[in-house]
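*Asks:* There's a structure below that I have some questions on.
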Amino acid sequence: MSLECVHVSPLPTLLIDHDGRVLKANLLAQEFLGVSERGLTGKHLGSLFAPAEAIQRMLDHVFLHHANISDHSLTMRTNNQPCSLHVGPDEEGAAAMIVPEANRHEVEQQARRHEIAEAIARVALEMAHEIKNPLAALRGTAQWLGEHAENDDTKNTVRHILAEVDRIRERVDTFLQLGPRADIQMESVNVHSVIDDVCHPPEGLQFRRVYDPSLPEIRAHPGRLRQAIENLWNNALEAGATMVEWQSRISPTAQLPGHAGRVIEISITNDGAPVPEHIRTRLFEPFVTSKSRGSGLGLALVQRVMLEHGGRVQVRSQPGRTRFTLQFPLEVSSS
């Protein structure tokens with residue numbers, strides 16, 4: 001790992017020599033450890049993390065076998081905060097990446113949500129064949145019966161059947177939005193324009209937009225992005241919000257799996273009813289909702305859209321303040 005790679009790493013990273021002493025530290029590592037690079041230089045890895053025996057075993061493994069190794073049971077010596085350490089061989093010695101316990105929990109939660117979303121996508125794909133085709137046949141038969149009905153009672157019954165079939169088909173179509181998409185064609189999109197186009201605040205709502213004017217366009221599918229924005233906007237209104245604020249920025253600390261560059265954050269904050277504690281960990285799963293008349297598919301669709309774009313959605317909720325944050329990888333132009 002070059003010096004440049006250390007400094008652009010999305011995680012707190014230390015470059016150490018063959019004796020296990022710090023050569024370089026990126027800004028994230030300095031902030032996480034609360035020590036400047038000058039203060040870290042020359043310190044042994046075992047003086048920063050405990051237990052020292054585990055650190056030494058990791059170093060021996062890396063230098064003897066030239067292989068990566070991880071330990072998820074370490075703590076910081078300064079405050080006993082749990083953390084994970086991933087150490088791998090490097091030309092100058094080894095590179096050690098630090099994953100705080102809170103971040104590890106978030107990574108595990110995101111991985112679980114990804115697995116659920118992929119399972120739901122497979123079910124949705126199966127539904128396209130198992131339900132939509134019979135529904136189409138049922139509707140066609142009902143229409144034929146209506147056209148040949150000889151009395152009003154039969155015609156009314158047929159109209160009722162058609163209305164129920166259409167209701168089921170609409171529900172199925174919504175669920176199928178969670179399925180894998182073959183037509184995700186990305187293009188440069190101004191997310192501020194999408195928000196402005198979608199959001200028309202009703203009378204009495206305090207509506208604020210705190211945009212970073214220097215924010216570049218993102219690579220996105222315009223239609224799918226619009227769906228995600230619409231669902232978050234409607235979610236805020238349905239929560240009884242009197243204040244809604246959209247904010248955009250480039251996050252100084254966010255990291256996305258498989259992306260070493262910067263991250264664009266789009267957040268929507270409202271003062272409506274908070275997300276109930278008992279459903280927060282399952283909020284982005286289909287049919288999970290706190291609303292008596294909600295479908296429970298809106299936020300699951302937001303999750304699917306973010307997966308398609310290589311990003312993620314997060315939520316923080318407490319009485320009087322609920323914030324949903326969309327994180328998109330910022331792709332560097334090759335031109």
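Ligands are numbered from 1 in the order shown, residues from 1 within each chain, and chains are lettered A, B, ... in the order they appear in the structure tokens.
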Write out as a list in words the residues lying within 10 Å of Ser73 in chain A, counting only C-alpha atoms and excluding same-chain residues fewer than 4 positions away.
*Replies:* Ala50, Pro51, Ala54, Pro82, Cys83, Ser84, Leu85 and Glu101 of chain A
*Asks:* Name the residues in contact with Leu27 in chain A at a cut-off of 9 Å, using only C-alpha atoms, excluding same-chain residues fewer than 4 positions from it; report them as a list in words.
*Replies:*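 Here the qualifying residues turn out to be His7, Pro12, Thr13, Glu31, Phe32, Ser36 and Glu37 of chain A.
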*Asks:* Based on the selection just made, write all heavy atoms of those residues as a PDB file, in the first residue's frame.
*Replies:*
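Final file, again.pdb:
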ATOM      1  N   HIS A   7      -3.432   7.434   2.677  1.00  0.00           N
ATOM      2  CA  HIS A   7      -4.134   8.677   2.967  1.00  0.00           C
ATOM      3  C   HIS A   7      -5.529   8.732   2.349  1.00  0.00           C
ATOM      4  O   HIS A   7      -6.385   9.457   2.839  1.00  0.00           O
ATOM      5  CB  HIS A   7      -3.300   9.878   2.517  1.00  0.00           C
ATOM      6  CG  HIS A   7      -2.124  10.144   3.436  1.00  0.00           C
ATOM      7  ND1 HIS A   7      -2.285  10.517   4.744  1.00  0.00           N
ATOM      8  CD2 HIS A   7      -0.785  10.072   3.217  1.00  0.00           C
ATOM      9  CE1 HIS A   7      -1.088  10.682   5.319  1.00  0.00           C
ATOM     10  NE2 HIS A   7      -0.168  10.403   4.407  1.00  0.00           N
ATOM     11  N   PRO A  12      -9.637   4.149   8.967  1.00  0.00           N
ATOM     12  CA  PRO A  12      -8.415   4.541   9.682  1.00  0.00           C
ATOM     13  C   PRO A  12      -7.309   3.529   9.384  1.00  0.00           C
ATOM     14  O   PRO A  12      -7.481   2.327   9.597  1.00  0.00           O
ATOM     15  CB  PRO A  12      -8.842   4.488  11.157  1.00  0.00           C
ATOM     16  CG  PRO A  12     -10.324   4.662  11.138  1.00  0.00           C
ATOM     17  CD  PRO A  12     -10.786   3.990   9.878  1.00  0.00           C
ATOM     18  N   THR A  13      -6.190   4.000   8.857  1.00  0.00           N
ATOM     19  CA  THR A  13      -5.147   3.092   8.377  1.00  0.00           C
ATOM     20  C   THR A  13      -3.778   3.541   8.863  1.00  0.00           C
ATOM     21  O   THR A  13      -3.441   4.733   8.818  1.00  0.00           O
ATOM     22  CB  THR A  13      -5.144   3.017   6.839  1.00  0.00           C
ATOM     23  OG1 THR A  13      -6.445   2.594   6.391  1.00  0.00           O
ATOM     24  CG2 THR A  13      -4.113   2.031   6.334  1.00  0.00           C
ATOM     25  N   GLU A  31      -7.559  10.861  13.838  1.00  0.00           N
ATOM     26  CA  GLU A  31      -8.788  11.278  14.528  1.00  0.00           C
ATOM     27  C   GLU A  31      -9.319  10.166  15.425  1.00  0.00           C
ATOM     28  O   GLU A  31      -9.745  10.413  16.556  1.00  0.00           O
ATOM     29  CB  GLU A  31      -9.843  11.686  13.495  1.00  0.00           C
ATOM     30  CG  GLU A  31      -9.484  12.947  12.714  1.00  0.00           C
ATOM     31  CD  GLU A  31     -10.497  13.251  11.626  1.00  0.00           C
ATOM     32  OE1 GLU A  31     -11.349  12.366  11.346  1.00  0.00           O
ATOM     33  OE2 GLU A  31     -10.444  14.353  11.051  1.00  0.00           O
ATOM     34  N   PHE A  32      -9.281   8.941  14.940  1.00  0.00           N
ATOM     35  CA  PHE A  32      -9.812   7.821  15.708  1.00  0.00           C
ATOM     36  C   PHE A  32      -8.989   7.565  16.967  1.00  0.00           C
ATOM     37  O   PHE A  32      -9.539   7.310  18.051  1.00  0.00           O
ATOM     38  CB  PHE A  32      -9.853   6.568  14.838  1.00  0.00           C
ATOM     39  CG  PHE A  32     -10.346   5.345  15.552  1.00  0.00           C
ATOM     40  CD1 PHE A  32     -11.687   5.222  15.885  1.00  0.00           C
ATOM     41  CD2 PHE A  32      -9.479   4.320  15.887  1.00  0.00           C
ATOM     42  CE1 PHE A  32     -12.161   4.096  16.545  1.00  0.00           C
ATOM     43  CE2 PHE A  32      -9.937   3.193  16.550  1.00  0.00           C
ATOM     44  CZ  PHE A  32     -11.278   3.079  16.882  1.00  0.00           C
ATOM     45  N   SER A  36      -1.753  12.776  16.840  1.00  0.00           N
ATOM     46  CA  SER A  36      -1.264  13.246  15.553  1.00  0.00           C
ATOM     47  C   SER A  36      -0.328  12.211  14.937  1.00  0.00           C
ATOM     48  O   SER A  36       0.141  11.286  15.610  1.00  0.00           O
ATOM     49  CB  SER A  36      -0.515  14.569  15.723  1.00  0.00           C
ATOM     50  OG  SER A  36       0.680  14.364  16.457  1.00  0.00           O
ATOM     51  N   GLU A  37      -0.062  12.383  13.639  1.00  0.00           N
ATOM     52  CA  GLU A  37       0.864  11.458  12.979  1.00  0.00           C
ATOM     53  C   GLU A  37       2.243  11.512  13.618  1.00  0.00           C
ATOM     54  O   GLU A  37       2.900  10.477  13.784  1.00  0.00           O
ATOM     55  CB  GLU A  37       0.956  11.793  11.486  1.00  0.00           C
ATOM     56  CG  GLU A  37       1.768  10.763  10.700  1.00  0.00           C
ATOM     57  CD  GLU A  37       1.736  11.020   9.204  1.00  0.00           C
ATOM     58  OE1 GLU A  37       2.114  12.135   8.798  1.00  0.00           O
ATOM     59  OE2 GLU A  37       1.345  10.112   8.458  1.00  0.00           O
TER      60      GLU A  37
END
*Asks:* Pick out the closest residue to Gln255 in chain A from this set: A:Ile168, A:Met76, A:Ala52, A:Leu330. Count only C-alpha atoms.
*Replies:* A:Leu330
*Asks:* Can you work out the spacing between CA of Val87 in chain A and CA of Val263 in chain A in Å, to one decimal?
*Replies:*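 According to the coordinates, CA of Val87 in chain A and CA of Val263 in chain A are separated by 24.5 Å.
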*Asks:* From the DSSP assignment of the backbone, select every residue of range 149-326 of chain A that is helix (DSSP H, G or I), and format the answer as a count of residues only.
*Replies:* 67
*Asks:* Mind checking which residues fall within 9 Å of range 311-313 of chain A, counting only C-alpha atoms, ignoring those fewer than 3 positions away in the same chain, and posting them as a list of chain:residue names?
*Replies:* A:Gln110, A:Leu256, A:Pro257, A:Val263, A:Phe284, A:Val302, A:Gln303, A:Arg304, A:Val305, A:Met306, A:Leu307, A:Glu308, A:Phe324, A:Thr325, A:Leu326, A:Gln327, A:Phe328, A:Pro329
*Asks:* Let's have the selection written as a PDB file, in the first residue's frame, with N, CA and C atoms.
*Replies:*
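Writing done, so here's result.pdb:
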ATOM      1  N   GLN A 110     -25.669  -3.826   7.512  1.00  0.00           N
ATOM      2  CA  GLN A 110     -25.829  -3.570   6.085  1.00  0.00           C
ATOM      3  C   GLN A 110     -25.733  -4.865   5.283  1.00  0.00           C
ATOM      4  N   LEU A 256     -18.063   3.486   1.924  1.00  0.00           N
ATOM      5  CA  LEU A 256     -18.950   2.493   1.307  1.00  0.00           C
ATOM      6  C   LEU A 256     -18.132   1.261   0.929  1.00  0.00           C
ATOM      7  N   PRO A 257     -18.647   0.073   1.168  1.00  0.00           N
ATOM      8  CA  PRO A 257     -17.920  -1.140   0.796  1.00  0.00           C
ATOM      9  C   PRO A 257     -17.583  -1.152  -0.690  1.00  0.00           C
ATOM     10  N   VAL A 263     -17.844  10.146  -0.718  1.00  0.00           N
ATOM     11  CA  VAL A 263     -19.242   9.733  -0.668  1.00  0.00           C
ATOM     12  C   VAL A 263     -20.143  10.967  -0.619  1.00  0.00           C
ATOM     13  N   PHE A 284     -36.299  -1.564   6.653  1.00  0.00           N
ATOM     14  CA  PHE A 284     -36.154  -1.599   5.202  1.00  0.00           C
ATOM     15  C   PHE A 284     -36.536  -2.951   4.605  1.00  0.00           C
ATOM     16  N   VAL A 302     -36.629   1.925  -1.436  1.00  0.00           N
ATOM     17  CA  VAL A 302     -35.474   2.827  -1.271  1.00  0.00           C
ATOM     18  C   VAL A 302     -34.204   2.004  -1.089  1.00  0.00           C
ATOM     19  N   GLN A 303     -34.289   0.965  -0.258  1.00  0.00           N
ATOM     20  CA  GLN A 303     -33.137   0.084  -0.037  1.00  0.00           C
ATOM     21  C   GLN A 303     -32.683  -0.555  -1.345  1.00  0.00           C
ATOM     22  N   ARG A 304     -33.618  -1.059  -2.151  1.00  0.00           N
ATOM     23  CA  ARG A 304     -33.281  -1.694  -3.422  1.00  0.00           C
ATOM     24  C   ARG A 304     -32.614  -0.706  -4.366  1.00  0.00           C
ATOM     25  N   VAL A 305     -33.135   0.512  -4.444  1.00  0.00           N
ATOM     26  CA  VAL A 305     -32.570   1.530  -5.327  1.00  0.00           C
ATOM     27  C   VAL A 305     -31.127   1.843  -4.916  1.00  0.00           C
ATOM     28  N   MET A 306     -30.876   1.949  -3.618  1.00  0.00           N
ATOM     29  CA  MET A 306     -29.523   2.275  -3.173  1.00  0.00           C
ATOM     30  C   MET A 306     -28.559   1.130  -3.465  1.00  0.00           C
ATOM     31  N   LEU A 307     -29.006  -0.105  -3.345  1.00  0.00           N
ATOM     32  CA  LEU A 307     -28.153  -1.235  -3.697  1.00  0.00           C
ATOM     33  C   LEU A 307     -27.799  -1.200  -5.182  1.00  0.00           C
ATOM     34  N   GLU A 308     -28.773  -0.845  -6.018  1.00  0.00           N
ATOM     35  CA  GLU A 308     -28.524  -0.752  -7.455  1.00  0.00           C
ATOM     36  C   GLU A 308     -27.483   0.308  -7.777  1.00  0.00           C
ATOM     37  N   PHE A 324     -33.372  10.305   7.351  1.00  0.00           N
ATOM     38  CA  PHE A 324     -32.959   9.261   6.420  1.00  0.00           C
ATOM     39  C   PHE A 324     -31.837   9.823   5.562  1.00  0.00           C
ATOM     40  N   THR A 325     -30.771   9.048   5.410  1.00  0.00           N
ATOM     41  CA  THR A 325     -29.603   9.498   4.650  1.00  0.00           C
ATOM     42  C   THR A 325     -29.287   8.517   3.529  1.00  0.00           C
ATOM     43  N   LEU A 326     -29.209   9.037   2.308  1.00  0.00           N
ATOM     44  CA  LEU A 326     -28.793   8.254   1.146  1.00  0.00           C
ATOM     45  C   LEU A 326     -27.323   8.543   0.885  1.00  0.00           C
ATOM     46  N   GLN A 327     -26.526   7.496   0.763  1.00  0.00           N
ATOM     47  CA  GLN A 327     -25.093   7.658   0.505  1.00  0.00           C
ATOM     48  C   GLN A 327     -24.755   7.061  -0.858  1.00  0.00           C
ATOM     49  N   PHE A 328     -24.214   7.904  -1.730  1.00  0.00           N
ATOM     50  CA  PHE A 328     -23.847   7.499  -3.089  1.00  0.00           C
ATOM     51  C   PHE A 328     -22.330   7.584  -3.264  1.00  0.00           C
ATOM     52  N   PRO A 329     -21.721   6.616  -3.944  1.00  0.00           N
ATOM     53  CA  PRO A 329     -20.288   6.736  -4.249  1.00  0.00           C
ATOM     54  C   PRO A 329     -20.060   7.846  -5.273  1.00  0.00           C
TER      55      PRO A 329
END
*Asks:* So that I can check the secondary structure, give me every residue of range 19-239 of chain A assigned strand (DSSP E or B) by backbone DSSP, as a ChimeraX atom specification.
*Replies:* /A:21-25,44,49-50,69-76,82-90,93-100,187-189,206-210,218-220
*Asks:* Limited to C-alpha atoms, could you put the picked residues into a file as a compact mmCIF listing (two decimals), in the first residue's frame?
*Replies:*
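And here is the file that came out, part_20.txt:
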# COMPACT_ATOMS: atom_id res chain seq x y z
CA ARG A 21 6.13 0.38 14.53
CA VAL A 22 4.07 3.12 12.90
CA LEU A 23 5.55 4.80 9.84
CA LYS A 24 2.52 6.72 8.59
CA ALA A 25 -1.08 7.33 9.66
CA HIS A 44 4.53 -0.11 18.38
CA PHE A 49 -4.18 -1.92 20.90
CA ALA A 50 -4.65 -4.70 23.44
CA ILE A 69 -5.10 -11.53 9.12
CA SER A 70 -7.98 -10.03 11.14
CA ASP A 71 -8.87 -9.91 14.82
CA HIS A 72 -12.30 -8.77 16.01
CA SER A 73 -11.65 -8.95 19.76
CA LEU A 74 -9.24 -6.06 20.29
CA THR A 75 -9.60 -2.86 22.30
CA MET A 76 -7.95 0.54 22.16
CA PRO A 82 -13.72 -2.43 21.16
CA CYS A 83 -12.45 -2.56 17.58
CA SER A 84 -11.32 -4.86 14.81
CA LEU A 85 -7.92 -4.79 13.15
CA HIS A 86 -7.10 -6.01 9.65
CA VAL A 87 -3.37 -6.32 8.90
CA GLY A 88 -1.81 -7.21 5.56
CA PRO A 89 1.71 -7.29 4.07
CA ASP A 90 3.10 -4.22 2.35
CA GLY A 93 6.16 -3.67 6.21
CA ALA A 94 2.41 -3.93 6.74
CA ALA A 95 -0.79 -1.92 6.53
CA ALA A 96 -3.19 -2.02 9.48
CA MET A 97 -6.81 -0.93 8.97
CA ILE A 98 -8.96 -0.18 12.01
CA VAL A 99 -12.70 -0.86 12.14
CA PRO A 100 -14.41 0.61 15.25
CA GLU A 187 -26.50 8.77 -16.41
CA SER A 188 -25.40 12.04 -14.83
CA VAL A 189 -28.22 13.37 -12.66
CA GLN A 206 -41.97 24.42 6.90
CA PHE A 207 -39.75 23.30 4.03
CA ARG A 208 -35.99 23.90 3.90
CA ARG A 209 -33.33 23.00 1.38
CA VAL A 210 -29.69 23.11 2.48
CA ILE A 218 -24.22 11.71 -9.52
CA ARG A 219 -24.36 8.63 -11.71
CA ALA A 220 -27.89 7.34 -11.32
*Asks:* Could you give me, as a PyMOL selection string, the residues within 10 Å of range 150-167 of chain A, counting only C-alpha atoms and dropping anything in the same chain fewer than 5 positions from it?
*Replies:* chain A and resi 135-136+138-145+172-173
*Asks:* Which residues are close to Glu277 in chain A, i.e. within 12 Å by only C-alpha atoms, leaving aside same-chain residues fewer than 2 positions away? Reply as JSON, numbers by chain.
*Replies:* {"A": [273, 274, 275, 279, 280, 281, 282, 283, 289, 290, 315, 316, 317, 318, 319]}
*Asks:* Could those selected residues go to a file with C-alpha atoms, as a PDB file, in the first residue's frame?
*Replies:*
ATOM      1  CA  ALA A 273     -43.567  10.770  14.603  1.00  0.00           C
ATOM      2  CA  PRO A 274     -40.359   8.804  15.249  1.00  0.00           C
ATOM      3  CA  VAL A 275     -39.764   5.311  13.931  1.00  0.00           C
ATOM      4  CA  ILE A 279     -39.088  -2.057  13.951  1.00  0.00           C
ATOM      5  CA  ARG A 280     -35.972   0.087  13.416  1.00  0.00           C
ATOM      6  CA  THR A 281     -33.645  -2.822  12.660  1.00  0.00           C
ATOM      7  CA  ARG A 282     -36.193  -4.235  10.170  1.00  0.00           C
ATOM      8  CA  LEU A 283     -37.440  -0.956   8.741  1.00  0.00           C
ATOM      9  CA  THR A 289     -44.457  -0.503   8.669  1.00  0.00           C
ATOM     10  CA  SER A 290     -45.834   1.415  11.637  1.00  0.00           C
ATOM     11  CA  VAL A 315     -31.920   6.089   9.463  1.00  0.00           C
ATOM     12  CA  ARG A 316     -31.592   7.876  12.792  1.00  0.00           C
ATOM     13  CA  SER A 317     -34.788   8.517  14.710  1.00  0.00           C
ATOM     14  CA  GLN A 318     -35.745  10.051  18.026  1.00  0.00           C
ATOM     15  CA  PRO A 319     -38.746  12.084  19.194  1.00  0.00           C
TER      16      PRO A 319
END
*Asks:* Given the choices A:Lys132, A:His192, A:His278, A:Arg321, which gets closest to Arg226 in chain A if the distance is worked out from only C-alpha atoms?
*Replies:* A:His192
*Asks:* Tell me, in Å to one decimal, how far CA of His221 in chain A is from CA of Gly261 in chain A.
*Replies:*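 Atom-to-atom, CA of His221 in chain A and CA of Gly261 in chain A are spaced 20.4 Å apart.
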*Asks:* Under the rule that only C-alpha atoms are counted, which of A:Asn68, A:Glu147, A:Gln247, A:Leu232 is the nearest residue to Leu301 in chain A?
*Replies:*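 Closest residue, counting only C-alpha atoms: A:Leu232.
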*Asks:* For Asp212 in chain A, which residue out of A:Ile266, A:Leu225, A:Leu64, A:Glu92 is the nearest one, using only C-alpha atoms?
*Replies:*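 Checking each candidate against Asp212 in chain A, we get A:Ile266 as the closest.
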*Asks:* Which residues come within 9 Å of Val244 in chain A, counting only C-alpha atoms, excluding same-chain residues fewer than 5 positions away, as a VMD selection string?
*Replies:* chain A and resid 201 205 to 209 233 236 to 237 268 to 272
